[in-house]
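> Have a look at this one before I ask anything.
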Amino acid sequence: MSLYPAARFLASAATSAQFPPDRGAEVAIAGRSNAGKSSAINAILGRRKLARTSKTPGRTRLVNFFELAPDARLIDLPGYGYASGARSERAAWADLIGQLAPRRSLRGLLLVVDARRGLLGGDEQLLEWARAIGAPVHVLYSKADLLGAAEGRRLLADSPSQLRGRATAQLFSAHSGAGLREARAQLEGWLGAAGGAQVAQKESPGSTRQ
Ligand code: GDP
């Protein structure tokens, strides 16, 4: 099933001058390289290849905008953390997402975190950035199919002390489909009427502010 059957690639942008008009509603999705962000986008939208899971060198610094419905967009932020700690990478990345901060359309941020690794440096920076601009964050602990049920429960139980009120969180697997309904409800809730959503604007079941 495709959640947004008319979803299409809109634009790649290196600077805010190339961003599409700031109209309607948009949700950004971020995560460390290899966290499973592209797989999550494809699974949530029910489109196999909308976001590429194989990376094209040279495109990794770009922000990709997808139009899901008229005036409803998903913003695919560049993965971070490859050249771990490289100052130039961090600065370029921070500059790029800083340019998103003034957008009035930005409703929330999905943060993809590998469930086996937990929150790492770049994720922390992103949570702080989102808090600074007042954007709500929902964490997808990805690749949950690789965790045992008890490990998954422990991760969720431990996450309030990690997230400290900065985000809600859930388990997610693009491969098994675990948590897919909840993740879709979160996206639809944020995009609201602009996305033609059927889901009311409320916290999705099973996710708690942590
Ligand atoms: P990105 O760099 O964050 O966009 O990550 P990708 O979506 O390209 O995924 C990185 C790797 O993780 C790939 O080898 C995927 O097959 C794998 N992966 C992504 N999602 C899942 C998942 O739900 N379960 C498992 N087991 N592997 C996954």
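Chain identifiers are assigned as A, B, and so on, following the order in which chains appear in the structure tokens; residues are numbered from 1 within each chain, and ligands are numbered from 1 in order of appearance.
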Please list as a list of chain:residue names every residue within 9 Å of range 153-165 of chain A, counting only C-alpha atoms and excluding residues in the same chain fewer than 6 positions away.
A:Ala115, A:Arg116, A:Gly118, A:Leu119, A:Glu124, A:Leu127, A:Tyr141, A:Leu171, A:Arg209, A:Gln210
> Can I get the selection written as a tab-separated table (two decimals), in the first residue's frame, with N, CA and C atoms?

```tsv
chain	number	residue	atom	x	y	z
A	115	ALA	N	18.74	0.80	16.43
A	115	ALA	CA	18.35	0.31	17.76
A	115	ALA	C	19.50	-0.41	18.47
A	116	ARG	N	20.41	-0.97	17.70
A	116	ARG	CA	21.51	-1.71	18.34
A	116	ARG	C	22.59	-0.78	18.85
A	118	GLY	N	21.94	2.78	19.60
A	118	GLY	CA	21.43	3.83	20.47
A	118	GLY	C	21.87	5.22	20.02
A	119	LEU	N	21.59	6.21	20.83
A	119	LEU	CA	21.91	7.60	20.49
A	119	LEU	C	23.41	7.81	20.48
A	124	GLU	N	22.59	13.46	19.29
A	124	GLU	CA	22.46	14.40	20.40
A	124	GLU	C	22.42	15.85	19.89
A	127	LEU	N	19.05	16.55	18.41
A	127	LEU	CA	18.01	16.75	19.43
A	127	LEU	C	18.10	18.16	20.02
A	141	TYR	N	13.60	3.85	16.50
A	141	TYR	CA	14.71	2.94	16.77
A	141	TYR	C	14.65	1.86	15.70
A	171	LEU	N	9.89	1.59	18.49
A	171	LEU	CA	10.70	0.63	17.74
A	171	LEU	C	10.19	0.61	16.30
A	209	ARG	N	5.84	10.59	25.37
A	209	ARG	CA	6.90	11.61	25.41
A	209	ARG	C	7.88	11.19	26.49
A	210	GLN	N	9.17	11.17	26.13
A	210	GLN	CA	10.13	10.57	27.04
A	210	GLN	C	11.18	11.57	27.44
```
> Can you pull out every residue with an atom within 9 Å of ligand 1? Use only C-alpha atoms and all ligand atoms and format it as a compact mmCIF listing (two decimals) with N, CA, C and O atoms, in the first residue's frame.

```txt
# COMPACT_ATOMS: atom_id res chain seq x y z
N ALA A 30 16.00 12.52 9.67
CA ALA A 30 17.46 12.60 9.81
C ALA A 30 17.98 11.33 10.47
O ALA A 30 17.22 10.55 11.05
N GLY A 31 19.26 11.13 10.39
CA GLY A 31 19.88 10.00 11.07
C GLY A 31 21.32 9.85 10.63
O GLY A 31 21.75 10.43 9.63
N ARG A 32 22.07 9.08 11.41
CA ARG A 32 23.44 8.79 11.02
C ARG A 32 23.44 7.99 9.72
O ARG A 32 22.49 7.24 9.46
N SER A 33 24.50 8.11 8.95
CA SER A 33 24.64 7.30 7.75
C SER A 33 24.52 5.84 8.15
O SER A 33 25.11 5.43 9.17
N ASN A 34 23.74 5.10 7.38
CA ASN A 34 23.58 3.67 7.62
C ASN A 34 22.59 3.33 8.74
O ASN A 34 22.41 2.15 9.06
N ALA A 35 21.96 4.33 9.31
CA ALA A 35 20.99 4.05 10.39
C ALA A 35 19.73 3.39 9.85
O ALA A 35 18.98 2.77 10.62
N GLY A 36 19.51 3.53 8.54
CA GLY A 36 18.30 2.94 7.94
C GLY A 36 17.29 3.99 7.52
O GLY A 36 16.10 3.70 7.36
N LYS A 37 17.75 5.22 7.31
CA LYS A 37 16.85 6.33 6.97
C LYS A 37 16.17 6.13 5.62
O LYS A 37 14.95 6.27 5.52
N SER A 38 16.95 5.78 4.59
CA SER A 38 16.34 5.60 3.26
C SER A 38 15.33 4.46 3.28
O SER A 38 14.25 4.56 2.70
N SER A 39 15.70 3.39 3.97
CA SER A 39 14.78 2.24 4.07
C SER A 39 13.51 2.65 4.80
O SER A 39 12.41 2.21 4.45
N ALA A 40 13.66 3.49 5.83
CA ALA A 40 12.49 3.95 6.58
C ALA A 40 11.58 4.79 5.70
O ALA A 40 10.35 4.62 5.71
N ILE A 41 12.17 5.69 4.92
CA ILE A 41 11.36 6.54 4.02
C ILE A 41 10.56 5.66 3.07
O ILE A 41 9.34 5.81 2.91
N ASN A 42 11.24 4.73 2.45
CA ASN A 42 10.57 3.87 1.46
C ASN A 42 9.46 3.05 2.12
O ASN A 42 8.39 2.88 1.55
N ALA A 51 13.43 6.85 -1.97
CA ALA A 51 14.73 7.29 -1.45
C ALA A 51 15.73 6.18 -1.76
O ALA A 51 15.45 5.02 -1.54
N ARG A 52 16.84 6.57 -2.26
CA ARG A 52 17.83 5.55 -2.65
C ARG A 52 18.53 4.97 -1.44
O ARG A 52 18.99 5.71 -0.58
N THR A 53 18.62 3.66 -1.40
CA THR A 53 19.36 3.07 -0.28
C THR A 53 20.83 2.91 -0.64
O THR A 53 21.65 2.73 0.23
N SER A 54 21.15 2.97 -1.93
CA SER A 54 22.58 3.00 -2.26
C SER A 54 22.97 4.45 -2.47
O SER A 54 22.28 5.19 -3.14
N LYS A 55 24.03 4.85 -1.85
CA LYS A 55 24.37 6.27 -1.83
C LYS A 55 25.18 6.67 -3.06
O LYS A 55 26.08 5.97 -3.47
N PRO A 78 20.77 15.06 4.95
CA PRO A 78 21.95 14.21 4.71
C PRO A 78 22.32 13.40 5.96
O PRO A 78 22.21 13.91 7.08
N GLY A 79 22.71 12.16 5.75
CA GLY A 79 23.18 11.33 6.86
C GLY A 79 24.46 11.94 7.43
O GLY A 79 25.20 12.61 6.72
N TYR A 80 24.67 11.74 8.69
CA TYR A 80 25.87 12.31 9.32
C TYR A 80 26.66 11.21 9.99
O TYR A 80 26.19 10.10 10.17
N VAL A 112 16.05 8.81 12.89
CA VAL A 112 16.27 7.36 12.76
C VAL A 112 17.56 7.00 13.49
O VAL A 112 18.64 7.52 13.19
N VAL A 113 17.42 6.12 14.47
CA VAL A 113 18.56 5.72 15.31
C VAL A 113 18.65 4.20 15.29
O VAL A 113 17.66 3.52 15.59
N ASP A 114 19.78 3.68 14.92
CA ASP A 114 19.97 2.22 14.90
C ASP A 114 19.74 1.68 16.32
O ASP A 114 20.46 2.05 17.25
N SER A 142 15.52 1.98 14.71
CA SER A 142 15.42 1.19 13.48
C SER A 142 16.07 -0.18 13.61
O SER A 142 16.81 -0.44 14.57
N LYS A 143 15.77 -1.02 12.62
CA LYS A 143 16.32 -2.38 12.54
C LYS A 143 15.90 -3.19 13.77
O LYS A 143 16.67 -4.02 14.28
N ALA A 144 14.71 -2.90 14.27
CA ALA A 144 14.22 -3.56 15.49
C ALA A 144 14.11 -5.07 15.30
O ALA A 144 14.11 -5.81 16.28
N ASP A 145 14.04 -5.51 14.03
CA ASP A 145 13.99 -6.95 13.78
C ASP A 145 15.28 -7.65 14.23
O ASP A 145 15.30 -8.87 14.42
N LEU A 146 16.34 -6.88 14.42
CA LEU A 146 17.61 -7.47 14.85
C LEU A 146 17.71 -7.55 16.37
O LEU A 146 18.70 -8.07 16.90
N PHE A 172 11.11 0.35 15.37
CA PHE A 172 10.73 0.39 13.95
C PHE A 172 11.60 -0.58 13.17
O PHE A 172 12.79 -0.74 13.44
N SER A 173 10.99 -1.25 12.21
CA SER A 173 11.78 -2.06 11.28
C SER A 173 11.24 -1.94 9.87
O SER A 173 10.07 -2.28 9.62
N ALA A 174 12.07 -1.45 8.97
CA ALA A 174 11.67 -1.37 7.56
C ALA A 174 11.54 -2.77 6.99
O ALA A 174 10.75 -3.00 6.06
N HIS A 175 12.29 -3.71 7.53
CA HIS A 175 12.28 -5.06 6.97
C HIS A 175 11.07 -5.86 7.41
O HIS A 175 10.41 -6.48 6.59
N SER A 176 10.76 -5.83 8.71
CA SER A 176 9.63 -6.64 9.20
C SER A 176 8.32 -5.87 9.19
O SER A 176 7.25 -6.46 9.29
N GLY A 177 8.41 -4.54 9.11
CA GLY A 177 7.19 -3.73 9.19
C GLY A 177 6.79 -3.40 10.62
O GLY A 177 5.78 -2.72 10.84
N ALA A 178 7.57 -3.82 11.58
CA ALA A 178 7.25 -3.49 12.98
C ALA A 178 7.26 -1.98 13.17
O ALA A 178 8.18 -1.29 12.72
```
> Calculated over only C-alpha atoms, which of the candidates A:Ala6, A:Ala43, A:Gly108, A:Ala94 has the smallest distance to Arg181 in chain A?
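Looking at the shortest contact to Arg181 in chain A, the residue is A:Ala43.
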> Can you pull out the residues contacting range 8-16 of chain A? Cut-off 12 Å, using only C-alpha atoms, and skip same-chain residues under 5 positions away; I want them as a PyMOL selection string.
chain A and resi 21-22+42+45+47+49-52+58-78+92-103
> Considering only strand (DSSP E or B) as DSSP defines it on the backbone, what residues of chain A qualify? List them as a VMD selection string.
chain A and resid 8 to 13 25 to 32 63 to 69 72 to 76 80 106 to 114 137 to 142 168 to 171 209
> Which residue, A:Ala17, A:Leu147, A:Val137, A:Leu180, has the smallest gap to Gly46 in chain A when you use only C-alpha atoms?
A:Leu180
> Could you pull out the residues in range 60-194 of chain A that DSSP calls alpha helix (DSSP H) from the backbone, as a count of residues only?
52
